[in-house]
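So this block is run28.cif, mmCIF, C-alpha atoms:
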data_protein
loop_
_atom_site.label_atom_id
_atom_site.label_comp_id
_atom_site.auth_asym_id
_atom_site.auth_seq_id
_atom_site.Cartn_x
_atom_site.Cartn_y
_atom_site.Cartn_z
CA MET D 1199 0.00 0.00 0.00
CA ILE D 1200 1.07 3.60 -0.68
CA GLU D 1201 1.09 6.07 2.21
CA ARG D 1202 -1.63 8.70 1.85
CA GLN D 1203 0.84 11.61 1.81
CA ARG D 1204 2.93 10.01 -0.95
CA LEU D 1205 -0.19 9.18 -2.96
CA ARG D 1206 -1.33 12.80 -2.63
CA HIS D 1207 2.09 13.98 -3.82
CA ILE D 1208 1.98 11.68 -6.86
CA LEU D 1209 -1.55 12.72 -7.80
CA THR D 1210 -0.91 16.44 -7.25
CA LEU D 1211 1.99 16.33 -9.66
CA GLY D 1212 0.63 13.65 -11.99
CA LEU D 1213 -3.06 14.50 -12.46
CA PRO D 1214 -2.46 17.78 -14.35
CA ILE D 1215 -0.03 15.95 -16.62
CA ILE D 1216 -2.55 13.13 -17.10
CA GLY D 1217 -5.24 15.69 -17.91
CA GLY D 1218 -3.04 17.18 -20.59
CA MET D 1219 -2.09 13.77 -21.97
CA LEU D 1220 -5.75 12.70 -22.04
CA SER D 1221 -6.68 15.87 -23.90
CA GLN D 1222 -4.00 15.02 -26.48
CA SER D 1223 -5.33 11.49 -26.90
CA LEU D 1224 -8.93 12.64 -27.03
CA LEU D 1225 -7.96 15.14 -29.72
CA ASN D 1226 -6.50 12.35 -31.86
CA LEU D 1227 -9.70 10.38 -31.36
CA VAL D 1228 -11.81 13.40 -32.33
CA ASP D 1229 -9.71 13.79 -35.49
CA ALA D 1230 -10.22 10.09 -36.25
CA ALA D 1231 -13.97 10.46 -35.69
CA MET D 1232 -14.18 13.56 -37.93
CA VAL D 1233 -12.21 11.90 -40.72
CA GLY D 1234 -13.59 8.37 -40.21
CA HIS D 1235 -17.04 9.31 -41.48
CA LEU D 1236 -15.49 10.63 -44.70
CA GLY D 1237 -14.79 7.02 -45.62
CA GLU D 1238 -12.30 4.18 -45.36
CA LYS D 1239 -9.78 5.81 -47.74
CA ALA D 1240 -9.75 9.11 -45.84
CA LEU D 1241 -9.21 7.33 -42.52
CA ALA D 1242 -6.38 5.20 -43.94
CA GLY D 1243 -4.73 8.23 -45.60
CA VAL D 1244 -4.77 10.35 -42.47
CA GLY D 1245 -3.53 7.34 -40.48
CA ILE D 1246 -0.52 6.89 -42.76
CA GLY D 1247 0.22 10.63 -42.73
CA SER D 1248 -0.04 10.70 -38.94
CA TYR D 1249 2.46 7.92 -38.37
CA ALA D 1250 4.88 9.29 -40.97
CA ASN D 1251 4.68 12.62 -39.13
CA PHE D 1252 5.22 10.81 -35.82
CA MET D 1253 8.56 9.60 -37.20
CA ALA D 1254 9.56 13.17 -38.07
CA ILE D 1255 8.58 14.82 -34.79
CA ALA D 1256 10.04 11.96 -32.72
CA LEU D 1257 13.52 13.38 -33.34
CA VAL D 1258 12.64 16.47 -31.24
CA MET D 1259 10.39 14.77 -28.68
CA GLY D 1260 13.35 13.64 -26.56
CA LEU D 1261 13.97 17.26 -25.61
CA GLY D 1262 11.07 17.14 -23.15
CA ALA D 1263 12.64 14.42 -20.99
CA GLY D 1264 16.08 16.07 -21.17
CA VAL D 1265 14.82 19.48 -20.08
CA GLN D 1266 12.61 18.00 -17.35
CA ALA D 1267 15.38 15.87 -15.85
CA GLN D 1268 17.82 18.79 -15.71
CA VAL D 1269 15.28 21.25 -14.30
CA ALA D 1270 14.16 18.80 -11.58
CA ARG D 1271 17.77 17.91 -10.70
CA ARG D 1272 18.70 21.62 -10.35
CA ARG D 1273 15.59 22.29 -8.28
CA GLY D 1274 16.47 19.42 -5.95
CA ALA D 1275 20.01 20.80 -5.61
CA GLY D 1276 18.70 24.30 -4.80
CA ARG D 1277 20.03 26.00 -7.99
CA LEU D 1278 16.83 27.99 -8.48
CA ASP D 1279 18.36 30.88 -10.43
CA GLU D 1280 19.41 28.44 -13.20
CA LEU D 1281 16.14 26.55 -13.67
CA ALA D 1282 15.37 27.99 -17.12
CA ALA D 1283 18.85 27.37 -18.55
CA PRO D 1284 17.97 23.83 -19.77
CA LEU D 1285 14.88 25.27 -21.47
CA ASN D 1286 17.02 27.71 -23.46
CA VAL D 1287 19.22 24.84 -24.59
CA GLY D 1288 16.21 22.72 -25.55
CA MET D 1289 14.72 25.52 -27.66
CA LEU D 1290 18.03 26.07 -29.48
CA ILE D 1291 18.41 22.37 -30.29
CA ALA D 1292 14.75 22.24 -31.43
CA LEU D 1293 15.45 25.01 -33.95
CA CYS D 1294 18.62 23.38 -35.26
CA LEU D 1295 16.89 20.01 -35.73
CA ALA D 1296 13.54 21.26 -37.04
CA LEU D 1297 14.75 23.37 -39.97
CA PRO D 1298 16.48 20.61 -41.98
CA LEU D 1299 13.86 18.01 -40.97
CA THR D 1300 10.98 20.18 -42.17
CA LEU D 1301 12.69 20.95 -45.47
CA PHE D 1302 13.51 17.28 -46.13
CA CYS D 1303 10.03 16.00 -45.29
CA TRP D 1304 8.25 18.72 -47.28
CA LEU D 1305 10.31 18.08 -50.43
CA ASN D 1306 9.96 14.29 -50.15
CA ALA D 1307 6.40 13.99 -48.84
CA GLN D 1308 5.00 11.91 -51.71
CA PRO D 1309 7.89 9.39 -51.88
CA ILE D 1310 7.70 8.92 -48.10
CA ILE D 1311 3.94 8.26 -48.12
CA ARG D 1312 4.26 6.03 -51.21
CA LEU D 1313 6.42 3.67 -49.15
CA LEU D 1314 3.41 3.05 -46.90
CA SER D 1315 0.57 2.68 -49.40
CA GLY D 1316 0.13 1.94 -53.10
CA ASP D 1317 -3.51 3.03 -53.20
CA ALA D 1318 -3.70 6.25 -55.29
CA GLU D 1319 -6.53 7.83 -53.28
CA VAL D 1320 -4.95 6.99 -49.93
CA LEU D 1321 -1.61 8.30 -51.24
CA GLY D 1322 -3.12 11.65 -52.25
CA ILE D 1323 -4.84 12.23 -48.91
CA GLY D 1324 -1.87 11.01 -46.87
CA THR D 1325 0.63 13.20 -48.76
CA ALA D 1326 -1.41 16.39 -48.37
CA TYR D 1327 -1.99 15.71 -44.67
CA PHE D 1328 1.72 14.94 -44.08
CA GLU D 1329 2.84 18.14 -45.85
CA TRP D 1330 0.79 20.29 -43.50
CA ARG D 1331 1.83 18.41 -40.35
CA VAL D 1332 5.61 18.57 -40.91
CA LEU D 1333 5.45 22.38 -40.91
CA ALA D 1334 4.92 22.09 -37.13
CA ILE D 1335 8.10 20.14 -36.28
CA PHE D 1336 9.64 23.26 -34.69
CA ALA D 1337 6.46 23.93 -32.71
CA VAL D 1338 6.54 20.35 -31.38
CA GLY D 1339 10.16 20.79 -30.25
CA LEU D 1340 9.26 24.05 -28.49
CA ASN D 1341 6.19 22.54 -26.82
CA PHE D 1342 8.11 19.54 -25.50
CA SER D 1343 10.86 21.80 -24.15
CA PHE D 1344 8.33 24.03 -22.39
CA ARG D 1345 6.55 20.95 -21.05
CA GLY D 1346 9.81 19.65 -19.62
CA TYR D 1347 10.48 22.97 -17.87
CA TRP D 1348 7.07 23.28 -16.22
CA ASN D 1349 6.81 19.61 -15.21
CA GLY D 1350 10.36 19.60 -13.85
CA ASN D 1351 9.52 22.75 -11.85
CA HIS D 1352 6.57 20.96 -10.15
CA ARG D 1353 4.08 23.22 -11.96
CA SER D 1354 2.45 20.72 -14.29
CA GLY D 1355 -0.85 22.61 -14.14
CA VAL D 1356 0.58 25.18 -16.56
CA TYR D 1357 1.29 22.38 -19.05
CA MET D 1358 -2.22 20.96 -18.67
CA ARG D 1359 -4.03 24.28 -19.14
CA THR D 1360 -1.99 25.21 -22.19
CA LEU D 1361 -2.44 21.81 -23.80
CA VAL D 1362 -6.21 21.84 -23.26
CA ILE D 1363 -6.52 25.30 -24.85
CA MET D 1364 -4.34 24.21 -27.76
CA HIS D 1365 -6.38 21.07 -28.41
CA LEU D 1366 -9.73 22.80 -28.17
CA ALA D 1367 -8.47 25.27 -30.77
CA ASN D 1368 -7.33 22.33 -32.87
CA VAL D 1369 -10.79 20.75 -32.88
CA LEU D 1370 -12.45 24.03 -33.92
CA ILE D 1371 -9.92 24.90 -36.63
CA SER D 1372 -9.61 21.37 -38.03
CA TYR D 1373 -13.37 20.79 -38.22
CA SER D 1374 -13.85 24.16 -39.92
CA LEU D 1375 -11.17 23.40 -42.51
CA ILE D 1376 -12.45 19.88 -43.19
CA HIS D 1377 -15.99 21.10 -43.91
CA GLY D 1378 -15.30 24.68 -45.13
CA LEU D 1379 -17.04 26.55 -42.31
CA PHE D 1380 -16.81 30.31 -41.53
CA GLY D 1381 -15.65 31.12 -45.06
CA LEU D 1382 -12.62 28.83 -44.88
CA PRO D 1383 -11.72 26.52 -47.80
CA GLN D 1384 -13.24 23.03 -47.71
CA MET D 1385 -10.08 20.91 -47.59
CA GLY D 1386 -11.49 17.54 -46.57
CA ALA D 1387 -9.26 15.20 -44.56
CA PRO D 1388 -6.00 17.20 -45.13
CA GLY D 1389 -7.66 20.16 -43.39
CA SER D 1390 -7.16 18.38 -40.07
CA GLY D 1391 -3.40 18.46 -40.73
CA LEU D 1392 -3.35 22.23 -41.25
CA GLY D 1393 -5.59 22.74 -38.22
CA THR D 1394 -3.23 20.74 -36.00
CA THR D 1395 -0.21 22.74 -37.22
CA LEU D 1396 -1.88 26.08 -36.49
CA ALA D 1397 -2.93 24.89 -33.03
CA LEU D 1398 0.60 23.72 -32.20
CA TYR D 1399 2.06 27.15 -32.97
CA LEU D 1400 -0.70 28.74 -30.89
CA GLY D 1401 0.36 26.51 -27.99
CA SER D 1402 4.01 27.54 -28.43
CA LEU D 1403 3.01 31.21 -28.24
CA ILE D 1404 0.98 30.66 -25.06
CA TYR D 1405 3.86 28.76 -23.44
CA ALA D 1406 6.34 31.49 -24.38
CA VAL D 1407 4.23 34.30 -22.91
CA GLN D 1408 3.68 32.44 -19.63
CA THR D 1409 7.34 31.50 -19.30
CA TRP D 1410 8.55 35.02 -20.08
CA HIS D 1411 6.43 36.42 -17.26
CA SER D 1412 7.45 33.74 -14.74
CA ALA D 1413 11.00 32.66 -15.54
CA ARG D 1414 13.04 35.65 -16.69
CA HIS D 1415 14.77 35.72 -13.29
CA GLN D 1416 15.67 32.04 -13.82
CA GLY D 1417 17.48 32.80 -17.07
CA PHE D 1418 14.74 32.30 -19.68
CA LEU D 1419 15.98 33.89 -22.93
CA THR D 1420 18.54 35.88 -20.91
CA ARG D 1421 21.12 33.17 -20.22
CA ARG D 1422 23.21 32.10 -23.21
CA PRO D 1423 23.62 28.30 -23.49
CA GLY D 1424 27.18 27.17 -22.82
CA THR D 1425 29.10 24.31 -24.38
CA ILE D 1426 28.74 22.17 -21.24
CA ASP D 1427 24.98 22.80 -21.18
CA LEU D 1428 24.66 21.79 -24.83
CA ARG D 1429 26.68 18.61 -24.38
CA SER D 1430 24.69 17.60 -21.30
CA MET D 1431 21.35 18.18 -23.03
CA LEU D 1432 22.43 16.28 -26.14
CA ARG D 1433 23.66 13.37 -24.01
CA LEU D 1434 20.27 13.17 -22.29
CA SER D 1435 17.99 13.99 -25.21
CA LEU D 1436 19.51 12.37 -28.29
CA PRO D 1437 19.20 8.75 -27.07
CA ASN D 1438 15.61 9.46 -26.04
CA SER D 1439 14.89 11.13 -29.39
CA ALA D 1440 16.46 8.16 -31.16
CA GLN D 1441 14.28 5.83 -29.10
CA GLN D 1442 11.20 7.89 -29.96
CA PHE D 1443 12.18 7.91 -33.65
CA PHE D 1444 12.66 4.16 -33.86
CA PHE D 1445 9.50 3.59 -31.82
CA ALA D 1446 7.60 5.84 -34.25
CA THR D 1447 9.24 4.04 -37.17
CA GLY D 1448 8.14 0.77 -35.58
CA ILE D 1449 4.54 1.98 -35.28
CA THR D 1450 4.70 3.07 -38.93
CA ALA D 1451 6.17 -0.33 -39.88
CA LEU D 1452 3.33 -2.00 -37.94
CA PHE D 1453 0.87 0.15 -39.89
CA TRP D 1454 2.54 -1.00 -43.13
CA ILE D 1455 2.42 -4.65 -42.03
CA ILE D 1456 -1.29 -4.37 -41.27
CA GLY D 1457 -1.76 -2.66 -44.64
CA GLN D 1458 -0.40 -5.80 -46.31
CA VAL D 1459 -3.25 -7.72 -44.69
CA GLY D 1460 -5.90 -5.36 -46.12
CA THR D 1461 -7.20 -1.78 -46.38
CA ALA D 1462 -10.07 -2.52 -43.99
CA GLU D 1463 -7.57 -3.75 -41.38
CA LEU D 1464 -5.51 -0.60 -41.99
CA ALA D 1465 -8.50 1.68 -41.32
CA VAL D 1466 -9.48 -0.22 -38.16
CA ALA D 1467 -5.87 -0.25 -36.92
CA HIS D 1468 -5.76 3.56 -37.05
CA VAL D 1469 -8.75 3.71 -34.69
CA LEU D 1470 -7.38 0.94 -32.44
CA ILE D 1471 -3.99 2.62 -32.05
CA ASN D 1472 -5.58 5.93 -31.09
CA LEU D 1473 -7.87 4.18 -28.60
CA ALA D 1474 -4.85 2.41 -27.12
CA LEU D 1475 -3.19 5.81 -26.71
CA LEU D 1476 -6.18 6.87 -24.62
CA LEU D 1477 -4.93 4.33 -22.07
CA ILE D 1478 -1.18 4.66 -22.64
CA LEU D 1479 -0.87 8.44 -22.40
CA PRO D 1480 -2.24 8.78 -18.83
CA ALA D 1481 0.28 6.14 -17.69
CA ILE D 1482 3.04 8.04 -19.48
CA GLY D 1483 1.76 11.16 -17.69
CA LEU D 1484 2.25 9.41 -14.35
CA GLY D 1485 5.65 8.29 -15.61
CA MET D 1486 6.52 11.94 -16.26
CA ALA D 1487 5.56 12.69 -12.67
CA ALA D 1488 7.96 9.89 -11.68
CA THR D 1489 10.66 11.60 -13.78
CA THR D 1490 10.36 14.73 -11.64
CA LEU D 1491 10.07 12.87 -8.31
CA VAL D 1492 13.04 10.61 -9.05
CA SER D 1493 15.22 13.43 -10.42
CA HIS D 1494 14.41 15.64 -7.44
CA SER D 1495 15.35 12.87 -4.98
CA LEU D 1496 18.58 12.19 -6.86
CA GLY D 1497 19.40 15.90 -6.69
CA GLU D 1498 19.05 15.58 -2.90
CA LYS D 1499 21.20 12.40 -2.98
CA ASP D 1500 18.31 10.40 -1.48
CA PHE D 1501 18.60 7.19 -3.52
CA VAL D 1502 16.20 5.18 -1.36
CA ALA D 1503 13.42 7.73 -1.90
CA ALA D 1504 14.12 7.80 -5.65
CA HIS D 1505 13.77 4.01 -5.87
CA ARG D 1506 10.59 4.00 -3.83
CA TRP D 1507 8.97 6.75 -5.93
CA GLY D 1508 9.31 4.58 -9.02
CA TRP D 1509 7.39 1.65 -7.56
CA ASP D 1510 4.75 3.84 -5.91
CA VAL D 1511 3.92 5.47 -9.24
CA VAL D 1512 3.76 2.04 -10.93
CA LYS D 1513 1.09 0.95 -8.42
CA VAL D 1514 -1.03 4.03 -9.13
CA ALA D 1515 -0.66 3.55 -12.90
CA ALA D 1516 -1.66 -0.14 -12.75
CA VAL D 1517 -4.89 0.65 -10.91
CA GLY D 1518 -5.65 3.52 -13.28
CA LEU D 1519 -5.10 1.42 -16.41
CA MET D 1520 -7.31 -1.35 -15.06
CA LEU D 1521 -10.19 1.09 -14.51
CA LEU D 1522 -9.72 2.93 -17.80
CA GLY D 1523 -9.47 -0.33 -19.76
CA ALA D 1524 -12.68 -1.86 -18.42
CA PRO D 1525 -15.06 -0.21 -20.99
CA PHE D 1526 -12.82 -1.41 -23.82
CA TRP D 1527 -13.33 -5.09 -23.05
CA LEU D 1528 -16.91 -4.71 -21.82
CA TYR D 1529 -18.36 -2.59 -24.67
CA PRO D 1530 -15.99 -2.73 -27.69
CA GLU D 1531 -18.70 -2.54 -30.37
CA LEU D 1532 -20.31 0.51 -28.77
CA ILE D 1533 -16.97 2.33 -28.66
CA LEU D 1534 -16.04 1.45 -32.24
CA ARG D 1535 -19.38 2.79 -33.53
CA LEU D 1536 -18.23 6.26 -32.51
CA PHE D 1537 -15.57 6.11 -35.24
CA VAL D 1538 -16.79 3.77 -37.98
CA SER D 1539 -20.26 2.85 -39.21
CA ASP D 1540 -19.45 -0.22 -41.33
CA PRO D 1541 -20.56 -3.36 -39.40
CA ALA D 1542 -17.71 -5.37 -40.95
CA LEU D 1543 -15.12 -2.92 -39.61
CA ILE D 1544 -16.75 -2.97 -36.17
CA GLU D 1545 -16.64 -6.77 -36.09
CA LEU D 1546 -13.03 -6.76 -37.27
CA GLY D 1547 -11.93 -4.42 -34.47
CA SER D 1548 -13.99 -5.80 -31.55
CA TRP D 1549 -11.66 -8.53 -30.27
CA PRO D 1550 -8.44 -6.49 -30.73
CA LEU D 1551 -10.09 -3.72 -28.70
CA ARG D 1552 -11.06 -6.22 -25.99
CA LEU D 1553 -7.44 -7.36 -25.81
CA THR D 1554 -6.32 -3.75 -25.52
CA GLY D 1555 -8.55 -3.16 -22.51
CA MET D 1556 -7.62 -6.41 -20.77
CA GLY D 1557 -3.89 -6.37 -21.49
CA MET D 1558 -2.97 -2.72 -20.98
CA VAL D 1559 -2.36 -3.17 -17.25
CA LEU D 1560 0.63 -5.34 -18.20
CA ASP D 1561 2.22 -2.23 -19.69
CA ALA D 1562 2.04 -0.10 -16.52
CA THR D 1563 5.50 -1.01 -15.22
CA ALA D 1564 7.23 -0.33 -18.55
CA LEU D 1565 5.39 2.95 -19.16
CA VAL D 1566 6.25 4.38 -15.74
CA LEU D 1567 9.76 3.02 -15.23
CA THR D 1568 10.83 4.08 -18.73
CA GLN D 1569 10.14 7.68 -17.77
CA ALA D 1570 11.66 7.24 -14.30
CA LEU D 1571 14.87 5.85 -15.82
CA LEU D 1572 14.99 8.79 -18.23
CA GLY D 1573 14.78 11.10 -15.22
CA ALA D 1574 17.75 9.28 -13.72
CA GLY D 1575 19.74 9.77 -16.93
CA ALA D 1576 19.62 6.16 -18.21
CA SER D 1577 18.38 7.24 -21.65
CA ARG D 1578 20.81 5.07 -23.63
CA THR D 1579 19.85 1.88 -21.78
CA VAL D 1580 16.15 2.64 -22.15
CA MET D 1581 16.65 3.16 -25.87
CA LEU D 1582 18.46 -0.17 -26.38
CA VAL D 1583 15.91 -2.22 -24.41
CA SER D 1584 12.88 -0.59 -26.05
CA LEU D 1585 14.22 -0.88 -29.57
CA GLY D 1586 15.39 -4.46 -29.11
CA ASN D 1587 11.99 -5.53 -27.82
CA GLN D 1588 10.20 -3.80 -30.67
CA TRP D 1589 12.48 -4.46 -33.65
CA LEU D 1590 14.00 -7.85 -32.80
CA PHE D 1591 10.92 -9.47 -31.25
CA PHE D 1592 7.59 -7.86 -32.07
CA LEU D 1593 7.82 -6.57 -35.66
CA PRO D 1594 9.43 -9.70 -37.23
CA LEU D 1595 6.84 -11.96 -35.55
CA ALA D 1596 4.00 -9.59 -36.51
CA TYR D 1597 5.04 -9.80 -40.17
CA LEU D 1598 5.29 -13.57 -39.93
CA LEU D 1599 1.88 -14.01 -38.30
CA GLY D 1600 0.06 -11.40 -40.42
CA PRO D 1601 1.00 -11.12 -44.12
CA ILE D 1602 2.96 -14.40 -44.41
CA LEU D 1603 0.92 -16.92 -42.39
CA GLY D 1604 -2.36 -15.05 -42.82
CA TYR D 1605 -3.57 -15.02 -39.20
CA GLY D 1606 -4.72 -11.42 -39.55
CA LEU D 1607 -5.20 -8.43 -37.30
CA LEU D 1608 -6.20 -10.35 -34.16
CA ALA D 1609 -2.97 -12.36 -34.08
CA ILE D 1610 -0.87 -9.21 -34.52
CA TRP D 1611 -2.72 -7.47 -31.69
CA SER D 1612 -2.33 -10.49 -29.37
CA LEU D 1613 1.41 -10.46 -29.99
CA GLN D 1614 1.51 -6.77 -29.07
CA ILE D 1615 0.03 -7.53 -25.63
CA LEU D 1616 2.74 -10.15 -25.07
CA GLN D 1617 5.43 -7.64 -26.05
CA ARG D 1618 4.18 -5.17 -23.44
CA GLY D 1619 4.40 -7.77 -20.67
CA LEU D 1620 7.97 -8.62 -21.68
CA ALA D 1621 9.01 -4.95 -21.66
CA SER D 1622 7.55 -4.46 -18.17
CA ALA D 1623 9.49 -7.45 -16.82
CA ILE D 1624 12.79 -6.14 -18.24
CA PHE D 1625 12.36 -2.61 -16.87
CA ALA D 1626 11.31 -3.94 -13.46
CA VAL D 1627 14.59 -5.87 -13.18
CA MET D 1628 16.57 -2.79 -14.26
CA TRP D 1629 14.88 -0.63 -11.63
CA GLN D 1630 15.49 -3.15 -8.86
CA ARG D 1631 19.22 -3.38 -9.62
CA ARG D 1632 19.57 0.41 -9.03
CA GLY D 1633 22.48 0.92 -11.39
CA TRP D 1634 20.78 4.16 -12.45
CA THR D 1635 21.62 5.77 -9.06
CA ARG D 1636 25.28 6.12 -10.13
CA ILE D 1637 24.59 8.16 -13.29
CA GLN D 1638 25.90 11.73 -13.25
CA LEU D 1639 24.09 14.39 -15.34
#
What does the file become when written as structure tokens?
Amino acid sequence: MIERQRLRHILTLGLPIIGGMLSQSLLNLVDAAMVGHLGEKALAGVGIGSYANFMAIALVMGLGAGVQAQVARRRGAGRLDELAAPLNVGMLIALCLALPLTLFCWLNAQPIIRLLSGDAEVLGIGTAYFEWRVLAIFAVGLNFSFRGYWNGNHRSGVYMRTLVIMHLANVLISYSLIHGLFGLPQMGAPGSGLGTTLALYLGSLIYAVQTWHSARHQGFLTRRPGTIDLRSMLRLSLPNSAQQFFFATGITALFWIIGQVGTAELAVAHVLINLALLLILPAIGLGMAATTLVSHSLGEKDFVAAHRWGWDVVKVAAVGLMLLGAPFWLYPELILRLFVSDPALIELGSWPLRLTGMGMVLDATALVLTQALLGAGASRTVMLVSLGNQWLFFLPLAYLLGPILGYGLLAIWSLQILQRGLASAIFAVMWQRRGWTRIQL
């Protein structure tokens, strides 16, 4: 059992992050619902464009964990006048990475999407959607850096409020562009890509204004990043960004594998993945709270407390995932009807969605301890374990079971549940051995 005071501390820090993460997942589901009723091709095209974009933005997503770990460590050590220095470094790296990435993806959008689908209609929709989304790579890097600063500073409510505003704006703008409301052009499915990009830059502006008013005395935009700061941030962030990139590439490869089974399976998989994120993201939000709690304790040199925080957050996440997953295995058809109207697609997705609800609790340990280990600075080890589990175990077997042996979507989804249990077991052993307590940032 967790002591009431420690549980209150976890929830105070974690619930605002979870709220923000849930708003992000719900936004993806709203996008899927808006596009899903435009037809199977539109849903598949936006799905392919989304996962291709995930690969691009993954290279800047690691900045969030790097900034958060350094801010929390400095706060624990009492270096309050330097708290915004890691944020400055994160923003600079985001700019340097985003410019060439955006240019490359924009110029090669059609060849990239063609690798994922040979259907001409799906290709056209996916390419247009991807072109709009990659224009926001810099905004994603900024948003993750700001998120790391506020979460590491134990003020996760700022992150939650900003993210909710940004996503509400996204729903309004995207829906208006899809259907041509308020005098805007009727863009169809690609309109959701432009709407998301505009909303992301709006979020960056809101973050910047709030941080300027609150963190100038901590060095925000007034302290020039030094060579040591840059090296430290790159050492923390690049392995995590690489992990995110290969994870995103793995999700995209999974999407391609399912596409070899059939277009109907591809459309259903887009909905299933976004519904799975509805469960995964809150657990990652608790994991981000663990990042701050663990990093703060390590800054105070309290290794016992750091180790205990990890397991306490795992317990909270396991209970939360069990409760959140219950509707998925109790009422899968009812949930799927919110996104697709074809009875064949609903039947195809029902059992995979049941497995998602029942098996997600197995993922709690991996989701939380991955973030906790990142907070301790073990980003390289986390990267190697995650990528090995995904690329050496799951994806080869998924291709064997699906396109080659013909067992279909259900077999692929069952294998994914097994992979999550294996990852949790590996990260639990790593946490218990406590080698992460000796890492210097």
Item checked: Near-segment 1233-1247 of chain D list (10 Å; only C-alpha atoms; drop same-chain fewer than 5 positions) as number ranges by chain -> D: 1227-1228, 1252, 1307, 1310-1315, 1317-1332, 1373, 1376, 1386-1391, 1450, 1453-1454, 1457, 1461-1469, 1471-1472, 1536-1540, 1543
Margin query: The residues within 10 Å of (-1.0, 22.9, -36.3), using all atoms listed in the file and the coordinates of the file, should be reported as a PyMOL selection string; which are they?
Written below: chain D and resi 1330-1335+1337-1338+1364-1365+1367-1368+1371-1372+1390-1401
Just the selected residues (C-alpha atoms), exported as a compact mmCIF listing (two decimals), in the frame of the given file, please.
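Generated file (again_36.txt):
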# COMPACT_ATOMS: atom_id res chain seq x y z
CA TRP D 1330 0.79 20.29 -43.50
CA ARG D 1331 1.83 18.41 -40.35
CA VAL D 1332 5.61 18.57 -40.91
CA LEU D 1333 5.45 22.38 -40.91
CA ALA D 1334 4.92 22.09 -37.13
CA ILE D 1335 8.10 20.14 -36.28
CA ALA D 1337 6.46 23.93 -32.71
CA VAL D 1338 6.54 20.35 -31.38
CA MET D 1364 -4.34 24.21 -27.76
CA HIS D 1365 -6.38 21.07 -28.41
CA ALA D 1367 -8.47 25.27 -30.77
CA ASN D 1368 -7.33 22.33 -32.87
CA ILE D 1371 -9.92 24.90 -36.63
CA SER D 1372 -9.61 21.37 -38.03
CA SER D 1390 -7.16 18.38 -40.07
CA GLY D 1391 -3.40 18.46 -40.73
CA LEU D 1392 -3.35 22.23 -41.25
CA GLY D 1393 -5.59 22.74 -38.22
CA THR D 1394 -3.23 20.74 -36.00
CA THR D 1395 -0.21 22.74 -37.22
CA LEU D 1396 -1.88 26.08 -36.49
CA ALA D 1397 -2.93 24.89 -33.03
CA LEU D 1398 0.60 23.72 -32.20
CA TYR D 1399 2.06 27.15 -32.97
CA LEU D 1400 -0.70 28.74 -30.89
CA GLY D 1401 0.36 26.51 -27.99
Check: Between D:Gly1460, D:Gly1557, D:Pro1601, D:Gly1573, which one has atoms that come closest to Leu1496 of chain D, using all atoms listed in the file?
Finding: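 Looking at the shortest contact to Leu1496 of chain D, the residue is D:Gly1573.
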Notebook entry, point to check: For Ile1208 of chain D, which of D:Leu1452, D:Met1253, D:Ala1270, D:Ala1515 is the closest residue, counting all atoms listed in the file?
Noted result: D:Ala1515
For segment 1616-1626 of chain D, find every residue with an atom within 8 Å (counting only C-alpha atoms), except residues of its own chain fewer than 5 positions away, and show them as a PDB file with C-alpha atoms, in the coordinates of the input.
ATOM      1  CA  MET D1558      -2.970  -2.720 -20.980  1.00  0.00           C
ATOM      2  CA  LEU D1560       0.630  -5.340 -18.200  1.00  0.00           C
ATOM      3  CA  ASP D1561       2.220  -2.230 -19.690  1.00  0.00           C
ATOM      4  CA  ALA D1562       2.040  -0.100 -16.520  1.00  0.00           C
ATOM      5  CA  THR D1563       5.500  -1.010 -15.220  1.00  0.00           C
ATOM      6  CA  ALA D1564       7.230  -0.330 -18.550  1.00  0.00           C
ATOM      7  CA  LEU D1565       5.390   2.950 -19.160  1.00  0.00           C
ATOM      8  CA  LEU D1567       9.760   3.020 -15.230  1.00  0.00           C
ATOM      9  CA  THR D1568      10.830   4.080 -18.730  1.00  0.00           C
ATOM     10  CA  VAL D1583      15.910  -2.220 -24.410  1.00  0.00           C
ATOM     11  CA  SER D1584      12.880  -0.590 -26.050  1.00  0.00           C
ATOM     12  CA  ASN D1587      11.990  -5.530 -27.820  1.00  0.00           C
ATOM     13  CA  GLN D1588      10.200  -3.800 -30.670  1.00  0.00           C
ATOM     14  CA  PHE D1591      10.920  -9.470 -31.250  1.00  0.00           C
ATOM     15  CA  PHE D1592       7.590  -7.860 -32.070  1.00  0.00           C
TER      16      PHE D1592
END
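Checking D:Thr1635, D:Ser1577, D:Asn1251, D:Gln1630 one by one against Arg1433 of chain D, counting all atoms listed in the file, you find the shortest gap at D:Ser1577.
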Check: On this structure, which residues satisfy the PyMOL selection byres ((chain D and resi 1260-1265) around 10), written as a VMD selection string?
Finding: chain D and resid 1255 to 1259 1266 to 1271 1281 to 1289 1291 to 1292 1338 to 1350 1430 to 1443 1486 1489 to 1490 1569 to 1570 1572 to 1573 1575 1577
Check: Expressed in Å to a single decimal, how great is the separation between atom CA of Ser1495 of chain D and atom CA of Pro1423 of chain D?
Finding: 25.5 Å
Margin query: What's the separation between atom CA of Val1492 of chain D and atom CA of Arg1636 of chain D, in Å to one decimal place?
Written below: 13.1 Å
Check: Which of these residues is nearest to Ala1231 of chain D, using all atoms listed in the file: D:Ala1487, D:Leu1534, D:Leu1205, D:Leu1590?
Finding: D:Leu1534
Notebook entry, point to check: At what distance in Å, to one decimal, does atom CA of Pro1530 of chain D lie from atom CA of Leu1598 of chain D?
Noted result: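 Straight-line distance from atom CA of Leu1598 of chain D to atom CA of Pro1530 of chain D works out to 26.8 Å.
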